[in-house]
Amino acid sequence: MSAGVCRGRLLVLRRNRPTIARRQLSDNELAEEINRLERALVQTRQQIIDIQRRVSEGMGALEGSIFDAHLLVLEDRTLLDEVARIIQTEKVNVEHAYHSVAERYAATLAAIDDEYLRERGTDMRDVAVRVLNNLLGLEEEIDLRQLKEPCIIISHDLTPSNTAQLDKRHVLGFATDVGSKTSHTAIMARSLRIPAVVGLKNASEELETGQYALLDGINGVIIINPSDQTLFEYGQIMLRQDTLQESLRDILREPAVTMDGHHVVLSANIEQAADAEQVKANGAEGVGLFRTEYLFLNRGHLPGEEQQYQSYREAAAALKPLPVVIRTLDLGGDKFLAQMRVPTELNPFLGWRAIRISLQERDVFRAQLRAILRASADGNVKMMFPMISGLDELNQANALVEEYKAELRHEGIPFDEHLEVGAMIETPSSAVVADSLAKRVSFFSIGTNDLIQYSLAVDRMNEKIAHLYEPSHPAIVRLIRMIVDAAHQHGIRVSVCGEMAGDPALVPLLLGLGVDELSVAPPLVPQIKFIIRRLRLSDAKQLASFALNCEAAAEILARCQDLARRIAPNLFENK
Ligand code: PEP
Ligand code: MG
């Protein structure tokens, strides 16, 4: 789902795959057939890289990185070897060989009950259509860039490549039969800010081009031939949305200060240096969480010290004098890395993850710590360690920072001698011993995504138990208070950088509990600032004291929602 509402005529793209003929070849034609495959691969690679560049420039590095997955699929050795083998042994044309292998791979992936792998099936088909079109000398099925009239696109699936080419002037919105909230297509729609609904099952078969419809990306529905009453109601929703967007724009350059004068540091979470632009554009006060693992994912080799240094330095220099908090590698869990051969684990979130990997893979950690230290000479850099579960890990990590500082001093390489080092508090054990940890760091950053999953024993990726994943659970409220108390007793500040900080209904609770800083995804910064500017810290404190004495998550949540809706009704009125 992607926020927003639109109305207009439908353009239904029916599935129209090229028919692939099987041709029997003679022995002396086989070598040329393999050459054709190689040429089509080179051509496809170039097209993907071009799209990736356009998407990265237009939308952001994270969206662009979706196409890294396409390049990996395109260059999959196992698949290509199998295609070559079929050409040689069956003596058939490359189109037939490539199509049959790719389709088998895609069908296997699509049938797996795992959203991530199903998405890889979509990537596979996207890449395969591109390769086949190049082999057959065909243009893309429908060149979406050429749309003449603004319309709502309905299709079975819109591949990320298709989505990247949507021209916002001509595409009012789109809906697809397949896909989920976390599918690449939905992620890109959100970045493009095009209203979209995914997962409508058989819309592309039932709807007709030319029908008039209203698409509601907020609630995930499409209404054909809407009545005057419906149009009127949605007209009101759109007006309210425009007004809200205007209010958010008005405060873009204003500070995040409550009505009773309390300043909250509101920063943004980023994945790559290029995202620094978005941080500024959304009015954030720096970066509260730079997730560095994205530098390591989707590439053929580990980035070395120099490459990391360039990336950290770029972010720090772009935002100077605003702070950039760089988190050391948080691999493991759901973020794996082909090159490191992380063994399959029964409980990856409880396994070889984050700081545990860094403390064992000393070369990798050393390169990263030195890169961060060096970048601190070029801006306001801080660093923090993920998944600290006790004092030993923190002591070891701190000692390594000191060791590498000494190395750099010895080598005459500049860095900030006063660089602040913090710990993420995202395990229940670290929350309980927060007083010990607080003596040894300059700040805390609470990773609520993990803190909630570990404290409540609720896997953050499992849809079946999603209803048990409750940020307003009394245990979470009390843990956050414990962490804040420990930090403040030792004179250090506390930030929250998990998704909880980006939920406007829960922000007053966090601030009432004493949290000093929030860090959220860049597009969420304006609305979080909006609610902070309409909040009285005294009301937030009252809410927190109610929550600390309450026994039921649902009651706490209801109170949070009451307060948030009362002070910032416009943020909630279309939901
Ligand atoms: C968290 O756990 O809340 C957090 C910010 O880290 P990540 O989501 O990267 O695990
Ligand atoms: Mg985490």
# chains A, B, ... in the order shown; residues from 1 in each chain; ligands from 1

call {"tool": "closest_atom_pairs", "arguments": {"of": "chain A", "to": "ligand 2", "cutoff": "12 Å", "atoms": "only C-alpha atoms and all ligand atoms", "output": "CSV"}}
result
residue,atom,partner,partner_atom_place_in_ligand_line,distance
A:Leu289,CA,ligand 2,1 (Mg),10.5
A:Phe290,CA,ligand 2,1 (Mg),11.9
A:Arg291,CA,ligand 2,1 (Mg),9.7
A:Glu293,CA,ligand 2,1 (Mg),11.7
A:Arg327,CA,ligand 2,1 (Mg),10.2
A:Thr328,CA,ligand 2,1 (Mg),11.4
A:Leu329,CA,ligand 2,1 (Mg),10.8
A:Asp330,CA,ligand 2,1 (Mg),7.6
A:Leu331,CA,ligand 2,1 (Mg),10.0
A:Gly332,CA,ligand 2,1 (Mg),10.6
A:Gly333,CA,ligand 2,1 (Mg),9.4
A:Asp334,CA,ligand 2,1 (Mg),10.6
A:Lys335,CA,ligand 2,1 (Mg),10.9
A:Phe349,CA,ligand 2,1 (Mg),9.8
A:Leu350,CA,ligand 2,1 (Mg),12.0
A:Arg353,CA,ligand 2,1 (Mg),10.2
A:Ala354,CA,ligand 2,1 (Mg),8.8
A:Ile355,CA,ligand 2,1 (Mg),11.0
A:Met384,CA,ligand 2,1 (Mg),11.8
A:Phe385,CA,ligand 2,1 (Mg),10.2
A:Pro386,CA,ligand 2,1 (Mg),6.6
A:Met387,CA,ligand 2,1 (Mg),6.6
A:Ile388,CA,ligand 2,1 (Mg),10.1
A:Ser389,CA,ligand 2,1 (Mg),11.9
A:Ala423,CA,ligand 2,1 (Mg),11.4
A:Met424,CA,ligand 2,1 (Mg),8.0
A:Ile425,CA,ligand 2,1 (Mg),8.7
A:Glu426,CA,ligand 2,1 (Mg),6.2
A:Thr427,CA,ligand 2,1 (Mg),8.9
A:Ser445,CA,ligand 2,1 (Mg),10.1
A:Ile446,CA,ligand 2,1 (Mg),8.6
A:Gly447,CA,ligand 2,1 (Mg),5.1
A:Thr448,CA,ligand 2,1 (Mg),7.2
A:Asn449,CA,ligand 2,1 (Mg),5.9
A:Asp450,CA,ligand 2,1 (Mg),4.8
A:Leu451,CA,ligand 2,1 (Mg),7.6
A:Ile452,CA,ligand 2,1 (Mg),9.9
A:Gln453,CA,ligand 2,1 (Mg),9.7
A:Tyr454,CA,ligand 2,1 (Mg),10.2
A:Arg460,CA,ligand 2,1 (Mg),10.4
A:Val496,CA,ligand 2,1 (Mg),11.0
A:Cys497,CA,ligand 2,1 (Mg),8.9
A:Gly498,CA,ligand 2,1 (Mg),7.3
A:Glu499,CA,ligand 2,1 (Mg),10.1

call {"tool": "write_last_selection", "arguments": {"atoms": "N, CA and C atoms", "output": "compact mmCIF listing (two decimals), in the first residue's frame"}}
result
# COMPACT_ATOMS: atom_id res chain seq x y z
N LEU A 289 20.98 6.99 13.12
CA LEU A 289 21.34 5.58 12.86
C LEU A 289 21.73 5.43 11.40
N PHE A 290 23.01 5.15 11.17
CA PHE A 290 23.49 4.82 9.83
C PHE A 290 23.69 3.32 9.84
N ARG A 291 22.76 2.59 9.16
CA ARG A 291 22.85 1.12 9.15
C ARG A 291 23.90 0.71 8.12
N GLU A 293 25.28 -2.08 7.32
CA GLU A 293 25.30 -3.39 6.65
C GLU A 293 24.92 -3.32 5.19
N ARG A 327 26.48 3.10 12.99
CA ARG A 327 26.39 1.86 13.76
C ARG A 327 27.31 0.82 13.12
N THR A 328 28.09 0.14 13.94
CA THR A 328 28.95 -0.89 13.38
C THR A 328 28.07 -2.06 12.91
N LEU A 329 28.70 -2.93 12.15
CA LEU A 329 27.99 -3.96 11.39
C LEU A 329 26.98 -4.76 12.21
N ASP A 330 25.76 -4.86 11.67
CA ASP A 330 24.70 -5.61 12.34
C ASP A 330 24.22 -6.73 11.43
N LEU A 331 25.15 -7.55 11.00
CA LEU A 331 24.78 -8.68 10.14
C LEU A 331 24.21 -9.80 10.98
N GLY A 332 23.65 -10.80 10.27
CA GLY A 332 23.02 -11.92 10.98
C GLY A 332 21.54 -11.63 11.13
N GLY A 333 20.81 -12.47 11.81
CA GLY A 333 19.35 -12.29 11.90
C GLY A 333 18.74 -12.47 10.53
N ASP A 334 18.13 -11.41 10.00
CA ASP A 334 17.56 -11.50 8.65
C ASP A 334 18.49 -10.90 7.60
N LYS A 335 19.67 -10.42 8.03
CA LYS A 335 20.58 -9.81 7.07
C LYS A 335 21.81 -10.70 6.93
N PHE A 349 18.23 -15.00 15.02
CA PHE A 349 18.20 -13.76 15.80
C PHE A 349 18.86 -13.95 17.17
N LEU A 350 19.01 -15.22 17.58
CA LEU A 350 19.70 -15.48 18.85
C LEU A 350 21.10 -16.01 18.58
N ARG A 353 25.44 -12.90 15.44
CA ARG A 353 24.82 -11.68 14.93
C ARG A 353 25.57 -10.45 15.44
N ALA A 354 25.56 -9.39 14.63
CA ALA A 354 25.97 -8.06 15.05
C ALA A 354 27.34 -8.02 15.76
N ILE A 355 27.38 -7.46 16.97
CA ILE A 355 28.68 -7.27 17.65
C ILE A 355 29.37 -8.62 17.88
N MET A 384 28.25 3.65 17.27
CA MET A 384 27.61 2.84 18.31
C MET A 384 27.63 1.37 17.91
N PHE A 385 27.54 0.52 18.95
CA PHE A 385 27.62 -0.92 18.75
C PHE A 385 26.22 -1.54 18.86
N PRO A 386 25.85 -2.41 17.91
CA PRO A 386 24.54 -3.05 17.96
C PRO A 386 24.54 -4.30 18.84
N MET A 387 23.38 -4.62 19.41
CA MET A 387 23.15 -5.92 20.07
C MET A 387 24.08 -6.20 21.25
N ILE A 388 24.47 -5.14 21.95
CA ILE A 388 25.29 -5.37 23.14
C ILE A 388 24.41 -6.13 24.14
N SER A 389 24.94 -7.26 24.67
CA SER A 389 24.09 -7.99 25.62
C SER A 389 24.68 -7.99 27.02
N ALA A 423 26.17 2.78 22.95
CA ALA A 423 25.72 1.38 22.87
C ALA A 423 24.25 1.35 22.50
N MET A 424 23.90 0.41 21.62
CA MET A 424 22.47 0.22 21.38
C MET A 424 21.95 -0.66 22.50
N ILE A 425 20.77 -0.30 22.97
CA ILE A 425 20.14 -1.12 23.99
C ILE A 425 18.98 -1.81 23.30
N GLU A 426 19.18 -3.07 22.97
CA GLU A 426 18.13 -3.78 22.23
C GLU A 426 17.97 -5.22 22.70
N THR A 427 18.66 -5.56 23.79
CA THR A 427 18.41 -6.88 24.40
C THR A 427 17.92 -6.61 25.82
N SER A 445 21.30 4.23 22.52
CA SER A 445 20.26 4.33 21.50
C SER A 445 19.43 3.05 21.61
N ILE A 446 18.14 3.23 21.90
CA ILE A 446 17.30 2.04 22.12
C ILE A 446 16.79 1.53 20.78
N GLY A 447 17.13 0.28 20.46
CA GLY A 447 16.63 -0.37 19.24
C GLY A 447 15.35 -1.11 19.62
N THR A 448 14.23 -0.40 19.52
CA THR A 448 12.98 -1.02 20.00
C THR A 448 12.56 -2.21 19.14
N ASN A 449 12.96 -2.22 17.86
CA ASN A 449 12.54 -3.36 17.01
C ASN A 449 13.02 -4.66 17.64
N ASP A 450 14.28 -4.67 18.04
CA ASP A 450 14.81 -5.88 18.65
C ASP A 450 14.43 -5.98 20.12
N LEU A 451 14.46 -4.86 20.83
CA LEU A 451 14.14 -4.93 22.26
C LEU A 451 12.75 -5.55 22.47
N ILE A 452 11.80 -5.17 21.60
CA ILE A 452 10.45 -5.72 21.74
C ILE A 452 10.45 -7.21 21.40
N GLN A 453 11.10 -7.59 20.29
CA GLN A 453 11.05 -9.01 19.93
C GLN A 453 11.74 -9.89 20.97
N TYR A 454 12.84 -9.40 21.53
CA TYR A 454 13.53 -10.23 22.52
C TYR A 454 12.80 -10.24 23.87
N ARG A 460 10.05 -10.68 15.17
CA ARG A 460 9.55 -9.48 14.49
C ARG A 460 9.20 -9.74 13.03
N VAL A 496 15.90 6.90 20.73
CA VAL A 496 15.22 5.68 20.26
C VAL A 496 15.30 5.70 18.74
N CYS A 497 15.82 4.61 18.16
CA CYS A 497 15.95 4.60 16.70
C CYS A 497 15.18 3.46 16.04
N GLY A 498 14.37 2.71 16.81
CA GLY A 498 13.54 1.66 16.21
C GLY A 498 12.26 2.27 15.64
N GLU A 499 11.43 1.43 15.00
CA GLU A 499 10.22 1.92 14.32
C GLU A 499 9.26 2.62 15.29

call {"tool": "select_by_dssp", "arguments": {"residues": "stretch 340-571 of chain A", "states": "strand (DSSP E or B)", "output": "PyMOL selection string"}}
result
chain A and resi 380-385+421-425+443-446+493-496+517-520

call {"tool": "closest_residue", "arguments": {"among": "A:Pro321, A:Gly502, A:Gly121, A:Pro195", "to": "ligand 1", "atoms": "only C-alpha atoms and all ligand atoms"}}
result
A:Gly502

call {"tool": "residues_around", "arguments": {"residues": "stretch 19-31 of chain A", "least_positions_apart": "6", "cutoff": "10 Å", "atoms": "only C-alpha atoms", "output": "VMD selection string"}}
result
chain A and resid 84 87 to 100 132 136

call {"tool": "residues_around", "arguments": {"residues": "A:Asn282", "least_positions_apart": "5", "cutoff": "9 Å", "atoms": "only C-alpha atoms", "output": "ChimeraX atom specification"}}
result
/A:249,252-253,268,277,522-526

call {"tool": "atom_distance", "arguments": {"atom1": "atom CA of A:Gly422", "atom2": "atom CA of A:Val441"}}
result
5.1 Å

call {"tool": "residues_around", "arguments": {"residues": "stretch 270-273 of chain A", "least_positions_apart": "2", "cutoff": "9 Å", "atoms": "only C-alpha atoms", "output": "list in words"}}
result
Ala61, Leu62, Ala268, Asp275, Ala276, Glu277, Gln278, Val279, Val287, Gly288, Leu289, Phe290, Arg291, Thr292, Glu293, Tyr294, Leu295, Ser311, Tyr312, Arg313, Glu314, Ala315, Ala316, Ala318, Val520, Ala521 and Pro522 of chain A

call {"tool": "residues_around", "arguments": {"residues": "stretch 63-76 of chain A", "least_positions_apart": "4", "cutoff": "6 Å", "atoms": "only C-alpha atoms", "output": "PyMOL selection string"}}
result
chain A and resi 52+55-56

call {"tool": "residues_around", "arguments": {"residues": "A:Glu246", "least_positions_apart": "6", "cutoff": "12 Å", "atoms": "only C-alpha atoms", "output": "NGL selection string"}}
result
:A and (239-240 or 252 or 526-527 or 530 or 570)

call {"tool": "closest_residue", "arguments": {"among": "A:Asn347, A:Ser436, A:Ser455, A:Thr78", "to": "ligand 1", "atoms": "only C-alpha atoms and all ligand atoms"}}
result
A:Ser455

call {"tool": "atom_distance", "arguments": {"atom1": "atom CA of A:Glu115", "atom2": "atom CA of A:Gly351"}}
result
21.9 Å

call {"tool": "select_by_dssp", "arguments": {"residues": "stretch 269-473 of chain A", "states": "helix (DSSP H, G or I)", "output": "JSON, numbers by chain"}}
result
{"A": [273, 274, 275, 276, 277, 278, 279, 280, 281, 293, 294, 295, 296, 305, 306, 307, 308, 309, 310, 311, 312, 313, 314, 315, 316, 317, 318, 319, 338, 339, 340, 348, 349, 350, 355, 356, 357, 358, 359, 360, 362, 363, 364, 365, 366, 367, 368, 369, 370, 371, 372, 373, 374, 375, 376, 377, 378, 391, 392, 393, 394, 395, 396, 397, 398, 399, 400, 401, 402, 403, 404, 405, 406, 407, 408, 409, 410, 411, 428, 429, 430, 431, 432, 434, 435, 436, 437, 438, 448, 449, 450, 451, 452, 453, 454, 455, 456, 463, 464, 465, 466, 467, 468]}
